[in-house]
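Note sheet for the following structure.
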Amino acid sequence: MSVRLQPELRNQLIQFGIGDWNACYHCGTCTAICPLSEKGFLFPRNKIRLMQMGVKDELETSVEPWLCYYCGDCTKSCPRDANPGELMMSLRRYLTSKYDWTGLSRKFYTSGVWELGFILVFAALVVIAFLFLLPAYGFKFTTELTAQGGVQVNAFAPWEYIEIFDWSMAAVVALLLISNILRMYYKIIWKDGKTTVSIWTHIREFWLLIYNFVVQPRFSKCEDKNYWLSHWFLMSGYTIMFIVIVVYLEWFQTDEILPFWHPQRTLGYYATFGLLFGLFVAIIGRIRKKRIKFQFSHVSDWLFLIMLTLTVITGILIHIFRINGMAWATYISYIAHMAILVPMILIEVPFSKWSHLAYRPFAVYFQQLKKHAVPRKSNQ
Amino acid sequence: MEEPRIGVYICWCGTNIAKMVDVEAVASEVSSMPHVVLAKNYKYMCSDPGQELIIKDIKVHNLNRVIVAACSPRIHELTFRTACEKAGINPYLFEMANIREQDSWVHTDRSEATKKAIDLVIAAIRRVRFHEALEKRSVSVNPATLVIGGGIAGMTASLEIAASGKQVYLVEKADHLGGMVAQLDLTFPHLSSAQQIIHPLIQRVKNNPNIKVFLNTQIQQVHGYIGNFNTTILQNGNESVEIEFGNIIAAVGLKPFDPVVIPEYGYKKIPDVVTSVEFEQMLLSGLIQTSEGKDPRNVAIIHCVGSRNKKFHEYCSRVCCMTALKYVHQIRAALPDANIFEVYADMRAYGKGHEEFYAHTTHKQIIFLMFDQQTGLPRIRKAGAADKCNIIIEMDELLSGISIEVPVDMVVLMTNMEAHDDVKEVVRSIGVSLCGNQFFIEKHPKLDPVATTTGGVYIVGGCQGPKDIPDSVSQARAAAARILATIAQESVPVEVTTAQVNELLCCGCQTCVRVCPYSAVSYDESKKSSVVNEVLCKGCGTCGAACPAGAIKCKHFTDSQILAEIEGIMSLSYKY
Ligand SMILES: Cc1cc2nc3c(=O)[nH]c(=O)nc-3n(C[C@H](O)[C@H](O)[C@H](O)COP(=O)(O)OP(=O)(O)OC[C@H]3O[C@@H](n4cnc5c(N)ncnc54)[C@H](O)[C@@H]3O)c2cc1C
Ligand code: SF4
Ligand code: SF4
Ligand code: SF4
Ligand code: SF4
Ligand code: SF4
C-alpha cells in the first residue's frame, strides 16, 4: 500500500522547531554514528526523510524519536549541517502534541500567547485561592511565631488542604499523562496494524520500564558522561521533591524547625542542590551554546527552565524566611512558589517537556514490545 | 633506389618500457641486421636531447631511414617526423614501432616481452626499406563559410566570422532565428532572461551585411572538399541559389523528445501533464495555470523523461536538472504557497555556479523525491473525485524505501533532448558521421572537440551533444577561431598518404566508388577508370583493400611495405 504525502505537514512541523530540512542529502552518516540507533530501530536519517516528504502516519506511529537522547553526535558529524539531532527534538515536540488529545500541547508549542495566557490564568487562580478562598475557611496570615521562632506556615496554608490540592492536581495531571501515554501506546504498537504483541510479553518486559525510569541508562550511552550526571541530579532532585510534596507533605511542611541532620532537611537540601545543579548546567549550556543539544532553543525550552528555576528559588526563600521567623516574606514566597509551580506542573507534565520524562522509558518499553511482536493474522 | 642506411632508436620511456623490455638487448640484436647502420637506446627519445641525437646521427652517419621503437605513433610520430625533416630527410622515410602500448604495458614476462619488441622492430626495419618520400600538399581556401542552424551556437559563430569581414551563409530550417533559446523564459543559474540574450543576437545577425540568412531552408548535398565546397540552396522549396564556401559549421541543435511513448506518464492523455518546453511557453505568457484556469496548489517536476533509461535514451540531457531547479524559483515567485516536488533520479550540477544554484534552491521549501530508473518510473494517473487534486503520482521513493502517492495539480516533464529527425540527411550531405546517440562525432573528444574527421567541417552546440548556452557559445567561438585561422593562411595542408588508381589495371567495377566513406572516388567515363580526388581522400585504405583488380595503391601503405612488415613479424630470422 502506498501512503499519500501530506505536503502541508511541513508547515506544521516548522512550528515545532527548525524548518529547513532540505539541507540533509541522505548520506546516512548520522544513522551510522548514532550510539542508540540499532537494527530495526534506525534513526535519525530515515525520520528526517519522512519529515521532508510529509508522511504523517509513519511519523506518528514511530517510536524512534524517543529513543534519541540528544547526545548531538549526529549533528556534529553531519556534512551538510542539517542538524539531525535538533530535527529529532522537533519531532518529539510534534509527537508530544499528537499524543495529547486535548490539543493544548500543540497550542503551547506553537503559540507563545497561549502558553503565557495559560500560565497567567492559573497563577492568578492560585493567588486568588490564597487571598480569598483559604481565609474564607478560617485560615489566616499570622505574624505570631512558634516557640522556636519559626513562621506558622500551616496556620496559613494547612498541609492537609494543600495535600488535598496536590493530590487532586496530581490526579488530573496523571490522568492526562496516562491517557496520553495510552494514545502513544496505541499509535506505536497497534496503529500500523501489521503486528501483534502478546500479554505475556507486556508483563515480562515491564521491569525494563521501571529500570529505565530510575537509571536512565540510555543517557549514559551517549558519550558525554558529565551531562548524564547533571541530568541524573536534576531528575532525582525533581523526583524526591515530587514525592515529599505530594505524598509526605505532613512530614515535609512542618512548623517545627528540625535539626540540620534530620532527613527532612538533608533530603530537601539534596533535592534542591540536585535541581539547582541540573538547572545551572542547562541554562549555562543554552547560553553558551557549546553543546549541540543546546544550540537551538525552542521558546518552550526557555520558559520551562525559567519557571523551574523560579520555583526552586521561591522554595529556598520559603525555607529561609520560615526558619528566620519572617512571616510576611514567607507568605509571599509561598504564594509566589505555588503561583509558578501550579501552572508549570500543569503545562509541563502532561503537555510539554516533562512529559518526555514519562514518554522516554515507555518508548523503550514499547520498543521491547515491538521487538517481540509477531505479524498479525489477517482476517481474510 | 639508393641503398637504405637505417638508424634504429629504442626508447626506455623512463621505466615504462625499460622495466619490461631489455632495451639494450633489443638494440644489440637488431644492430647486425642488413642496412642497419646504428642501433641505440636512450631514456626519453621524445625529449629534446633524444631528438637531437637523431638529427646528429642523420648528419654524421648519413642516414636515410629512421626507426624509433617507443610509444604509439598517435603520440609522437609527428615529433620524430619533424626531427627527420629538420635533419634534411623526408618525414615519410621515418617509421615507428610501438613497444609500449603493444608490448611493455600489456605483458608481464620480461623475456617474452623483449622477444616481441625485437619482432616489432624487425618488422619496422623491413618495412622502412620500402618507404618512399612523399610531398606535402595544400589547397587554397574560399573565405566564405556555411553555417547550418540559426540557434544561439550558429548565430554566435556567424557573427564571429562576419566580424572579420568574411562572408557567412546562415541556413535555418525554421521560419525564424533563435532556436531553442528563443522559446525559453529565464535561464539558469542566474535567472537572466533568455529573450534578452537571444533577441539582440538575432538583430545583429539580421543587420550584419556579411551574413546572408536563408530561412525556411534545408541544406542539399554539399560537394567539394576543405577550402572549396559548393552547394545549391533551395529557398522556400523552389528558388535555387548556388553558393561556394571554404568551411562548414553544423549547428543544428537538438529537439525535445516526445514523452507520449512513455505510458507511465500519460502525456497527452491526462490534462495538466506538460513538457518542459510547453511549461516555458506558460512562463513566457506569465501565467502558471491548470487546464481549468486555476492556480495549481501542488506542482511536480519529473526529471530524466526519456533520458538515462535504456528504453529511450541512455545519455543524460545535461540541462534539465538545472532547468527543473530554475522552475522552482519561477513557481515559487508566482505561487508562494504552492508545494513543489522535484521528482528526480540524480541531481546533476556539473557546471560553473550550478552546485551553488542547487544548494540555494533547496532552501525554497521544495520536496525532493527520488526514484530509481532501474526499478521503475513514477506512474501518473488522473485523480478521482475524492482526491482533492487533479493528478496522483505513484512512486517507489528511493531514500525512504516506501511507496508513496503524491497529490498534485500539474506535472512538468523534463524531456530529453534528442537529435532531429532529419539529422541523418544533414550528416550525409556534409560528409560527417553520428555516434550511437545520433550526436555528431568530433575529431577527438578531448583534443579536438569542435572539428570532425572531414576537413573543413566543424560541429558546435547541441548537435555535438546536449549542452547549455555557455558551452554552446564557447564551441561556436572556438570553431569560428579555427576557421578564421585557415582563412588567414589562405591555404590548408591536405592528407599526403592518399590512394591512387592505376588506370591500366582498373576494370571499372566501381567497388571503390561504393566503399569510400569520404566519397573521394569517382568513375571517369572517358578514361574508363576510377579516379581518386586526393583532396577528399583520407588515406583510410578501404578502397585499396576492396579493389578486386589490385589497381589501387595507397601511398605509405603499399603492398610491398605491408608485406615486408608482416614478414618481419612472422619470420624469426633477422636476415632477408
Ligand atoms: C526546456 C529547456 C530549457 C533550457 N534552459 C536553459 C537555461 O536555462 N540555460 C542554458 O544555458 N541552457 C538552457 N537550455 C539549453 C539550451 O536551449 C541549449 O543550450 C541551446 O539551445 C543550444 O543551442 P544550439 O544553437 O546548439 O541549438 P538550438 O537552439 O536547438 O538551435 C538549432 C537551430 O538549428 C535549426 N535546425 C535544425 N535542423 C536544421 C537543418 N537540418 N537545417 C537548418 N537548420 C536546422 C533549428 O531550427 C534551430 O533554430 C534549455 C533547454 C531546454 C530544452
Ligand atoms: S542529516 Fe546529515 S548526516 Fe544525516 S543523512 Fe542527512 S546529511 Fe547525512
Ligand atoms: S542526538 Fe545522539 S541519540 Fe539522538 S539521533 Fe543524534 S546521535 Fe542519535
Ligand atoms: S540533466 Fe538531470 S534531468 Fe536531465 S537527463 Fe541528466 S540527470 Fe536527468
Ligand atoms: S575497385 Fe579497382 S577495379 Fe574496381 S573501379 Fe575501383 S579501382 Fe577500378
Ligand atoms: S583511401 Fe579511403 S578515403 Fe581514400 S579513396 Fe580510398 S576509400 Fe576513399
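Letters for chains follow the order of the C-alpha cells (A, B, ...), residue numbers begin at 1 for each chain, and ligand numbers begin at 1 in the order shown.
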What's the 12 Å shell around stretch 433-439 of chain B, counting only C-alpha atoms, without same-chain residues fewer than 6 positions away, as JSON, numbers by chain? {"B": [250, 251, 252, 253, 254, 255, 307, 308, 310, 312, 313, 314, 315, 316, 317, 417, 418, 419, 420, 421, 422, 423, 424, 425, 426, 427, 445, 451, 452, 453, 454, 457, 458, 459, 460, 461, 462, 463, 464, 465, 466, 467, 517, 518]}
Any chance you could export the current selection's C-alpha atoms as a PDB file, in the first residue's frame?
```pdb
ATOM      1  CA  ALA B 250      26.959  22.399 -38.328  1.00  0.00           C
ATOM      2  CA  ALA B 251      24.867  23.910 -35.512  1.00  0.00           C
ATOM      3  CA  VAL B 252      21.538  22.172 -35.916  1.00  0.00           C
ATOM      4  CA  GLY B 253      20.957  21.655 -32.180  1.00  0.00           C
ATOM      5  CA  LEU B 254      18.555  19.105 -30.746  1.00  0.00           C
ATOM      6  CA  LYS B 255      14.822  18.731 -30.392  1.00  0.00           C
ATOM      7  CA  SER B 307      16.900  10.256 -20.517  1.00  0.00           C
ATOM      8  CA  ARG B 308      19.252   7.888 -18.726  1.00  0.00           C
ATOM      9  CA  LYS B 310      17.986   2.216 -21.888  1.00  0.00           C
ATOM     10  CA  PHE B 312      14.609   5.557 -24.546  1.00  0.00           C
ATOM     11  CA  HIS B 313      17.978   7.267 -24.432  1.00  0.00           C
ATOM     12  CA  GLU B 314      20.838   6.143 -22.279  1.00  0.00           C
ATOM     13  CA  TYR B 315      22.576   9.502 -22.118  1.00  0.00           C
ATOM     14  CA  CYS B 316      21.915  12.433 -19.804  1.00  0.00           C
ATOM     15  CA  SER B 317      20.461  15.560 -21.401  1.00  0.00           C
ATOM     16  CA  MET B 417      16.889  16.440 -25.857  1.00  0.00           C
ATOM     17  CA  GLU B 418      17.391  14.226 -28.892  1.00  0.00           C
ATOM     18  CA  ALA B 419      18.594  14.514 -32.478  1.00  0.00           C
ATOM     19  CA  HIS B 420      16.328  15.996 -35.157  1.00  0.00           C
ATOM     20  CA  ASP B 421      14.567  13.526 -37.434  1.00  0.00           C
ATOM     21  CA  ASP B 422      16.483  14.768 -40.467  1.00  0.00           C
ATOM     22  CA  VAL B 423      19.911  14.617 -38.855  1.00  0.00           C
ATOM     23  CA  LYS B 424      20.998  11.624 -40.946  1.00  0.00           C
ATOM     24  CA  GLU B 425      20.420  13.623 -44.133  1.00  0.00           C
ATOM     25  CA  VAL B 426      22.371  16.535 -42.702  1.00  0.00           C
ATOM     26  CA  VAL B 427      25.419  14.403 -41.865  1.00  0.00           C
ATOM     27  CA  PRO B 445      36.744  14.011 -27.792  1.00  0.00           C
ATOM     28  CA  ALA B 451      36.445  19.633 -35.628  1.00  0.00           C
ATOM     29  CA  THR B 452      35.346  16.478 -37.423  1.00  0.00           C
ATOM     30  CA  THR B 453      37.301  13.885 -39.345  1.00  0.00           C
ATOM     31  CA  THR B 454      36.181  15.695 -42.513  1.00  0.00           C
ATOM     32  CA  VAL B 457      33.601  20.726 -41.289  1.00  0.00           C
ATOM     33  CA  TYR B 458      33.036  21.826 -37.684  1.00  0.00           C
ATOM     34  CA  ILE B 459      30.299  20.988 -35.171  1.00  0.00           C
ATOM     35  CA  VAL B 460      29.067  23.270 -32.418  1.00  0.00           C
ATOM     36  CA  GLY B 461      26.276  23.452 -29.854  1.00  0.00           C
ATOM     37  CA  GLY B 462      23.661  20.865 -29.028  1.00  0.00           C
ATOM     38  CA  CYS B 463      24.155  18.711 -32.111  1.00  0.00           C
ATOM     39  CA  GLN B 464      27.569  17.639 -30.789  1.00  0.00           C
ATOM     40  CA  GLY B 465      25.916  16.513 -27.537  1.00  0.00           C
ATOM     41  CA  PRO B 466      23.428  18.133 -25.132  1.00  0.00           C
ATOM     42  CA  LYS B 467      24.833  21.260 -23.546  1.00  0.00           C
ATOM     43  CA  PRO B 517      33.443   6.567 -46.720  1.00  0.00           C
ATOM     44  CA  TYR B 518      34.537  10.043 -47.823  1.00  0.00           C
TER      45      TYR B 518
END
```
Which chain A residues have any atom within 12 Å of an atom of ligand 3, and for each, what is the nearest pair of atoms with distance in Å to one decimal, counting only C-alpha atoms and all ligand atoms, rows sorted by chain and number, as a tab-separated table?
```
residue	atom	partner	partner_atom_place_in_ligand_line	distance
A:Gly28	CA	ligand 3	5 (S)	11.4
A:Thr29	CA	ligand 3	7 (S)	9.7
A:Cys30	CA	ligand 3	7 (S)	6.3
A:Thr31	CA	ligand 3	8 (Fe)	7.0
A:Ala32	CA	ligand 3	7 (S)	8.6
A:Ile33	CA	ligand 3	7 (S)	6.2
A:Cys34	CA	ligand 3	7 (S)	3.5
A:Pro35	CA	ligand 3	8 (Fe)	5.8
A:Leu36	CA	ligand 3	3 (S)	5.4
A:Ser37	CA	ligand 3	8 (Fe)	6.1
A:Glu38	CA	ligand 3	8 (Fe)	9.9
A:Phe41	CA	ligand 3	8 (Fe)	11.1
A:Leu42	CA	ligand 3	5 (S)	9.1
A:Phe43	CA	ligand 3	5 (S)	6.1
A:Pro44	CA	ligand 3	5 (S)	5.0
A:Arg45	CA	ligand 3	5 (S)	8.4
A:Asn46	CA	ligand 3	5 (S)	10.7
A:Lys47	CA	ligand 3	5 (S)	9.8
A:Ile48	CA	ligand 3	5 (S)	10.4
A:Glu64	CA	ligand 3	5 (S)	8.8
A:Pro65	CA	ligand 3	5 (S)	7.7
A:Trp66	CA	ligand 3	4 (Fe)	8.8
A:Leu67	CA	ligand 3	3 (S)	7.0
A:Cys68	CA	ligand 3	4 (Fe)	3.8
A:Tyr69	CA	ligand 3	3 (S)	4.6
A:Tyr70	CA	ligand 3	1 (S)	3.4
A:Cys71	CA	ligand 3	2 (Fe)	3.9
A:Gly72	CA	ligand 3	1 (S)	3.9
A:Asp73	CA	ligand 3	7 (S)	4.4
A:Cys74	CA	ligand 3	7 (S)	4.2
A:Thr75	CA	ligand 3	6 (Fe)	6.4
A:Lys76	CA	ligand 3	7 (S)	8.7
A:Ser77	CA	ligand 3	7 (S)	9.0
A:Cys78	CA	ligand 3	6 (Fe)	9.8
A:Ala82	CA	ligand 3	6 (Fe)	11.4
A:Asn83	CA	ligand 3	6 (Fe)	8.7
A:Pro84	CA	ligand 3	6 (Fe)	6.2
A:Gly85	CA	ligand 3	1 (S)	4.2
A:Glu86	CA	ligand 3	1 (S)	7.5
A:Leu87	CA	ligand 3	5 (S)	8.8
A:Met88	CA	ligand 3	5 (S)	6.5
A:Met89	CA	ligand 3	4 (Fe)	8.2
A:Ser90	CA	ligand 3	4 (Fe)	11.5
A:Leu91	CA	ligand 3	5 (S)	11.2
A:Arg92	CA	ligand 3	4 (Fe)	11.0
A:Arg218	CA	ligand 3	3 (S)	8.8
A:Phe219	CA	ligand 3	3 (S)	8.6
A:Ser220	CA	ligand 3	3 (S)	10.8
A:Lys221	CA	ligand 3	3 (S)	8.8
A:Cys222	CA	ligand 3	2 (Fe)	6.7
A:Glu223	CA	ligand 3	2 (Fe)	8.9
A:Asp224	CA	ligand 3	2 (Fe)	10.5
A:Arg291	CA	ligand 3	1 (S)	11.0
A:Ile292	CA	ligand 3	1 (S)	8.5
A:Lys293	CA	ligand 3	1 (S)	7.5
A:Phe294	CA	ligand 3	1 (S)	11.2
```
Neighbours of chain B in chain A at 7 Å, counting only C-alpha atoms, as a list in words: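 Contact residues on the first chain: Ser2, Val3, Arg4, Leu5, Pro7, Asp20, Asn22, Asn46, Arg49, Gln52 and Met53 of chain A.
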Please produce a file of the residues just selected, as a compact mmCIF listing (two decimals), in the first residue's frame, where the atoms kept are N, CA, C and O atoms.
```
# COMPACT_ATOMS: atom_id res chain seq x y z
N SER A 2 0.52 2.12 -0.85
CA SER A 2 1.33 3.34 -0.84
C SER A 2 0.68 4.41 0.02
O SER A 2 -0.53 4.46 0.14
N VAL A 3 1.49 5.22 0.63
CA VAL A 3 0.97 6.27 1.51
C VAL A 3 0.89 7.59 0.76
O VAL A 3 1.75 7.92 -0.03
N ARG A 4 -0.12 8.33 1.06
CA ARG A 4 -0.34 9.62 0.43
C ARG A 4 0.49 10.69 1.15
O ARG A 4 0.41 10.80 2.38
N LEU A 5 1.26 11.44 0.44
CA LEU A 5 2.04 12.51 1.07
C LEU A 5 1.12 13.64 1.51
O LEU A 5 0.12 13.92 0.87
N PRO A 7 1.82 17.28 2.03
CA PRO A 7 2.80 18.37 1.99
C PRO A 7 2.56 19.45 3.03
O PRO A 7 3.49 20.11 3.46
N ASP A 20 14.35 24.14 7.92
CA ASP A 20 14.97 23.90 6.63
C ASP A 20 15.63 22.53 6.59
O ASP A 20 16.81 22.40 6.79
N ASN A 22 15.85 20.46 4.01
CA ASN A 22 16.40 20.00 2.74
C ASN A 22 17.91 19.99 2.76
O ASN A 22 18.54 19.51 1.85
N ASN A 46 16.27 8.26 8.43
CA ASN A 46 15.00 7.85 7.81
C ASN A 46 13.82 8.69 8.33
O ASN A 46 12.85 8.92 7.63
N ARG A 49 13.79 11.89 6.50
CA ARG A 49 13.19 11.68 5.18
C ARG A 49 11.66 11.79 5.26
O ARG A 49 11.02 12.41 4.43
N GLN A 52 10.72 15.34 5.61
CA GLN A 52 10.87 16.07 4.36
C GLN A 52 9.70 15.80 3.43
O GLN A 52 9.20 16.69 2.75
N MET A 53 9.29 14.54 3.39
CA MET A 53 8.26 14.15 2.42
C MET A 53 6.85 14.43 2.93
O MET A 53 5.92 14.52 2.14
```
Env of stretch 558-574 of chain B: 10 Å cut, atoms = only C-alpha atoms, seq-sep filter 2 positions within chain, self excluded. Answer as a CSV table (one decimal) with C-alpha atoms, in the first residue's frame.
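The resulting part-v5.csv:
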```csv
chain,number,residue,atom,x,y,z
B,29,GLU,CA,70.0,-7.9,-31.6
B,30,VAL,CA,69.0,-5.6,-34.5
B,32,SER,CA,73.7,-6.6,-37.1
B,33,MET,CA,70.8,-6.6,-39.5
B,34,PRO,CA,71.4,-5.6,-43.1
B,115,LYS,CA,61.4,-11.0,-27.9
B,116,LYS,CA,58.2,-9.3,-29.0
B,118,ILE,CA,62.7,-7.4,-31.3
B,119,ASP,CA,60.0,-8.7,-33.7
B,120,LEU,CA,58.2,-5.4,-33.8
B,121,VAL,CA,61.5,-3.6,-34.5
B,122,ILE,CA,62.5,-6.1,-37.2
B,123,ALA,CA,59.1,-5.6,-38.9
B,124,ALA,CA,59.7,-1.8,-38.9
B,125,ILE,CA,63.2,-2.2,-40.3
B,126,ARG,CA,61.9,-4.5,-43.1
B,127,ARG,CA,59.1,-2.0,-43.8
B,128,VAL,CA,61.0,1.2,-43.8
B,129,ARG,CA,63.2,-0.1,-46.6
B,130,PHE,CA,60.3,0.3,-49.0
B,131,HIS,CA,59.2,3.8,-47.8
B,132,GLU,CA,59.0,6.5,-50.4
B,499,ALA,CA,45.1,6.3,-52.6
B,541,GLY,CA,42.8,2.3,-47.3
B,544,GLY,CA,42.7,-0.4,-51.7
B,550,GLY,CA,44.6,-4.7,-57.2
B,552,ILE,CA,44.6,0.9,-56.1
B,553,LYS,CA,47.8,1.8,-54.4
B,554,CYS,CA,47.6,3.5,-51.0
B,555,LYS,CA,50.6,5.8,-50.5
B,556,HIS,CA,52.6,4.9,-47.4
B,576,TYR,CA,66.2,-11.1,-45.6
```
Kindly assemble as a Markdown table a list of the chain B residues that lie within 6 Å of ligand 1, each paired with its nearest atom pair and their distance in Å to one decimal, using only C-alpha atoms and all ligand atoms, sorted first by chain and then by ascending residue number.
```
| residue | atom | partner | partner_atom_place_in_ligand_line | distance |
| --- | --- | --- | --- | --- |
| B:Ile148 | CA | ligand 1 | 43 (C) | 5.1 |
| B:Gly149 | CA | ligand 1 | 34 (O) | 3.3 |
| B:Gly150 | CA | ligand 1 | 49 (O) | 4.6 |
| B:Gly151 | CA | ligand 1 | 31 (O) | 3.3 |
| B:Ile152 | CA | ligand 1 | 25 (O) | 4.0 |
| B:Ala153 | CA | ligand 1 | 25 (O) | 3.8 |
| B:Gly154 | CA | ligand 1 | 25 (O) | 5.5 |
| B:Val171 | CA | ligand 1 | 43 (C) | 5.4 |
| B:Glu172 | CA | ligand 1 | 44 (N) | 3.8 |
| B:Lys173 | CA | ligand 1 | 44 (N) | 3.9 |
| B:Ala174 | CA | ligand 1 | 47 (O) | 4.8 |
| B:Leu177 | CA | ligand 1 | 49 (O) | 5.7 |
| B:Gly178 | CA | ligand 1 | 49 (O) | 5.5 |
| B:Gly179 | CA | ligand 1 | 49 (O) | 3.2 |
| B:Met180 | CA | ligand 1 | 29 (O) | 3.7 |
| B:Val181 | CA | ligand 1 | 17 (O) | 4.8 |
| B:Leu186 | CA | ligand 1 | 8 (O) | 5.9 |
| B:Thr187 | CA | ligand 1 | 8 (O) | 3.0 |
| B:Phe188 | CA | ligand 1 | 8 (O) | 4.0 |
| B:Gln218 | CA | ligand 1 | 42 (N) | 4.8 |
| B:Ile219 | CA | ligand 1 | 42 (N) | 5.9 |
| B:Ala251 | CA | ligand 1 | 26 (O) | 5.5 |
| B:Val252 | CA | ligand 1 | 34 (O) | 3.6 |
| B:Gly253 | CA | ligand 1 | 27 (O) | 3.3 |
| B:Leu254 | CA | ligand 1 | 30 (O) | 4.8 |
| B:Ser276 | CA | ligand 1 | 1 (C) | 4.7 |
| B:Val277 | CA | ligand 1 | 1 (C) | 4.5 |
| B:Val319 | CA | ligand 1 | 14 (N) | 5.7 |
| B:Thr323 | CA | ligand 1 | 5 (N) | 5.2 |
| B:Val426 | CA | ligand 1 | 41 (N) | 5.8 |
| B:Gly461 | CA | ligand 1 | 26 (O) | 3.3 |
| B:Gly462 | CA | ligand 1 | 26 (O) | 3.8 |
| B:Lys467 | CA | ligand 1 | 19 (O) | 4.9 |
| B:Asp468 | CA | ligand 1 | 19 (O) | 3.4 |
| B:Ile469 | CA | ligand 1 | 11 (O) | 3.6 |
| B:Pro470 | CA | ligand 1 | 11 (O) | 5.8 |
| B:Ser472 | CA | ligand 1 | 26 (O) | 5.6 |
```
Enumerate residues in contact with ligand 5: an atom-to-atom distance of at most 6 Å, counting only C-alpha atoms and all ligand atoms. Format the result as an mmCIF file with N, CA, C and O atoms, in the first residue's frame.
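Result file follows (part_32.cif):
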```
data_model
loop_
_atom_site.group_PDB
_atom_site.id
_atom_site.type_symbol
_atom_site.label_atom_id
_atom_site.label_comp_id
_atom_site.auth_asym_id
_atom_site.auth_seq_id
_atom_site.Cartn_x
_atom_site.Cartn_y
_atom_site.Cartn_z
ATOM 1 N N VAL B 501 44.736 5.348 -58.241
ATOM 2 C CA VAL B 501 44.269 4.242 -59.090
ATOM 3 C C VAL B 501 45.217 4.096 -60.288
ATOM 4 O O VAL B 501 45.540 5.083 -60.951
ATOM 5 N N CYS B 506 42.688 -0.850 -63.582
ATOM 6 C CA CYS B 506 41.292 -0.710 -63.158
ATOM 7 C C CYS B 506 40.362 -1.354 -64.167
ATOM 8 O O CYS B 506 40.457 -1.120 -65.361
ATOM 9 N N CYS B 507 39.410 -2.217 -63.671
ATOM 10 C CA CYS B 507 38.494 -2.893 -64.565
ATOM 11 C C CYS B 507 37.150 -2.173 -64.619
ATOM 12 O O CYS B 507 36.241 -2.617 -65.298
ATOM 13 N N GLY B 508 37.001 -1.132 -63.871
ATOM 14 C CA GLY B 508 35.764 -0.352 -63.942
ATOM 15 C C GLY B 508 34.613 -0.916 -63.132
ATOM 16 O O GLY B 508 33.457 -0.551 -63.341
ATOM 17 N N CYS B 509 34.889 -1.765 -62.198
ATOM 18 C CA CYS B 509 33.787 -2.355 -61.405
ATOM 19 C C CYS B 509 33.167 -1.352 -60.435
ATOM 20 O O CYS B 509 32.068 -1.549 -59.934
ATOM 21 N N GLN B 510 33.872 -0.309 -60.119
ATOM 22 C CA GLN B 510 33.419 0.775 -59.233
ATOM 23 C C GLN B 510 33.160 0.348 -57.786
ATOM 24 O O GLN B 510 32.446 1.007 -57.039
ATOM 25 N N THR B 511 33.750 -0.763 -57.393
ATOM 26 C CA THR B 511 33.655 -1.172 -55.983
ATOM 27 C C THR B 511 34.165 -0.034 -55.087
ATOM 28 O O THR B 511 33.551 0.332 -54.072
ATOM 29 N N CYS B 512 35.269 0.561 -55.495
ATOM 30 C CA CYS B 512 35.878 1.624 -54.694
ATOM 31 C C CYS B 512 34.933 2.810 -54.527
ATOM 32 O O CYS B 512 34.873 3.422 -53.454
ATOM 33 N N SER B 529 37.962 4.461 -66.012
ATOM 34 C CA SER B 529 38.714 4.106 -64.803
ATOM 35 C C SER B 529 38.231 4.965 -63.643
ATOM 36 O O SER B 529 37.740 6.074 -63.852
ATOM 37 N N SER B 530 38.397 4.426 -62.454
ATOM 38 C CA SER B 530 38.087 5.243 -61.280
ATOM 39 C C SER B 530 39.226 6.217 -61.038
ATOM 40 O O SER B 530 40.381 5.921 -61.354
ATOM 41 N N CYS B 547 39.473 -3.330 -53.783
ATOM 42 C CA CYS B 547 39.644 -3.411 -55.245
ATOM 43 C C CYS B 547 40.021 -4.829 -55.686
ATOM 44 O O CYS B 547 41.076 -5.345 -55.302
ATOM 45 N N PRO B 548 39.161 -5.493 -56.480
ATOM 46 C CA PRO B 548 39.441 -6.877 -56.878
ATOM 47 C C PRO B 548 40.598 -6.964 -57.900
ATOM 48 O O PRO B 548 41.205 -8.019 -58.040
ATOM 49 N N ALA B 549 40.889 -5.844 -58.546
ATOM 50 C CA ALA B 549 41.928 -5.889 -59.572
ATOM 51 C C ALA B 549 43.303 -5.498 -59.027
ATOM 52 O O ALA B 549 44.278 -5.523 -59.769
ATOM 53 N N ALA B 551 44.176 -2.607 -58.324
ATOM 54 C CA ALA B 551 44.559 -1.428 -59.087
ATOM 55 C C ALA B 551 44.839 -0.224 -58.200
ATOM 56 O O ALA B 551 45.366 0.777 -58.673
ATOM 57 N N ILE B 552 44.496 -0.311 -56.946
ATOM 58 C CA ILE B 552 44.641 0.872 -56.092
ATOM 59 C C ILE B 552 45.857 0.753 -55.191
ATOM 60 O O ILE B 552 46.034 -0.242 -54.489
#
```
I'd like to know which residues of stretch 217-314 of chain A are alpha helix (DSSP H) (by DSSP, run on the backbone); could you write them as a PyMOL selection string? chain A and resi 217-221+225-246+249-252+263-288+299-314
Got a sec to tell me which of stretch 387-460 of chain B DSSP assigns to strand (DSSP E or B), as number ranges by chain? B: 391-397, 402-408, 410-415, 417-418, 434, 440, 444, 448, 451, 457-459
Residues near B:Asp258, anyone? I mean within 9 Å using only C-alpha atoms, not counting same-chain ones fewer than 4 positions away, as a list in words.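 So, after excluding close chain neighbours, the residues are Ile262, Tyr267, Thr275, Gly306, Thr415 and Asn416 of chain B.
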Could those selected residues go to a file with N, CA and C atoms, as a PDB file, in the first residue's frame?
```pdb
ATOM      1  N   ILE B 262       6.120   7.135 -23.389  1.00  0.00           N
ATOM      2  CA  ILE B 262       6.294   6.581 -22.034  1.00  0.00           C
ATOM      3  C   ILE B 262       4.912   6.421 -21.408  1.00  0.00           C
ATOM      4  N   TYR B 267       1.246  11.363 -20.887  1.00  0.00           N
ATOM      5  CA  TYR B 267       1.297  12.648 -21.584  1.00  0.00           C
ATOM      6  C   TYR B 267       0.298  12.648 -22.729  1.00  0.00           C
ATOM      7  N   THR B 275       5.167  19.252 -20.988  1.00  0.00           N
ATOM      8  CA  THR B 275       6.621  19.104 -21.141  1.00  0.00           C
ATOM      9  C   THR B 275       7.303  20.400 -20.708  1.00  0.00           C
ATOM     10  N   GLY B 306      12.740  10.303 -20.577  1.00  0.00           N
ATOM     11  CA  GLY B 306      13.348   9.811 -21.815  1.00  0.00           C
ATOM     12  C   GLY B 306      14.860   9.809 -21.766  1.00  0.00           C
ATOM     13  N   THR B 415      11.802  16.841 -20.402  1.00  0.00           N
ATOM     14  CA  THR B 415      12.039  15.933 -21.525  1.00  0.00           C
ATOM     15  C   THR B 415      13.489  15.940 -21.974  1.00  0.00           C
ATOM     16  N   ASN B 416      13.881  14.773 -22.415  1.00  0.00           N
ATOM     17  CA  ASN B 416      15.195  14.566 -23.008  1.00  0.00           C
ATOM     18  C   ASN B 416      15.363  15.425 -24.255  1.00  0.00           C
TER      19      ASN B 416
END
```
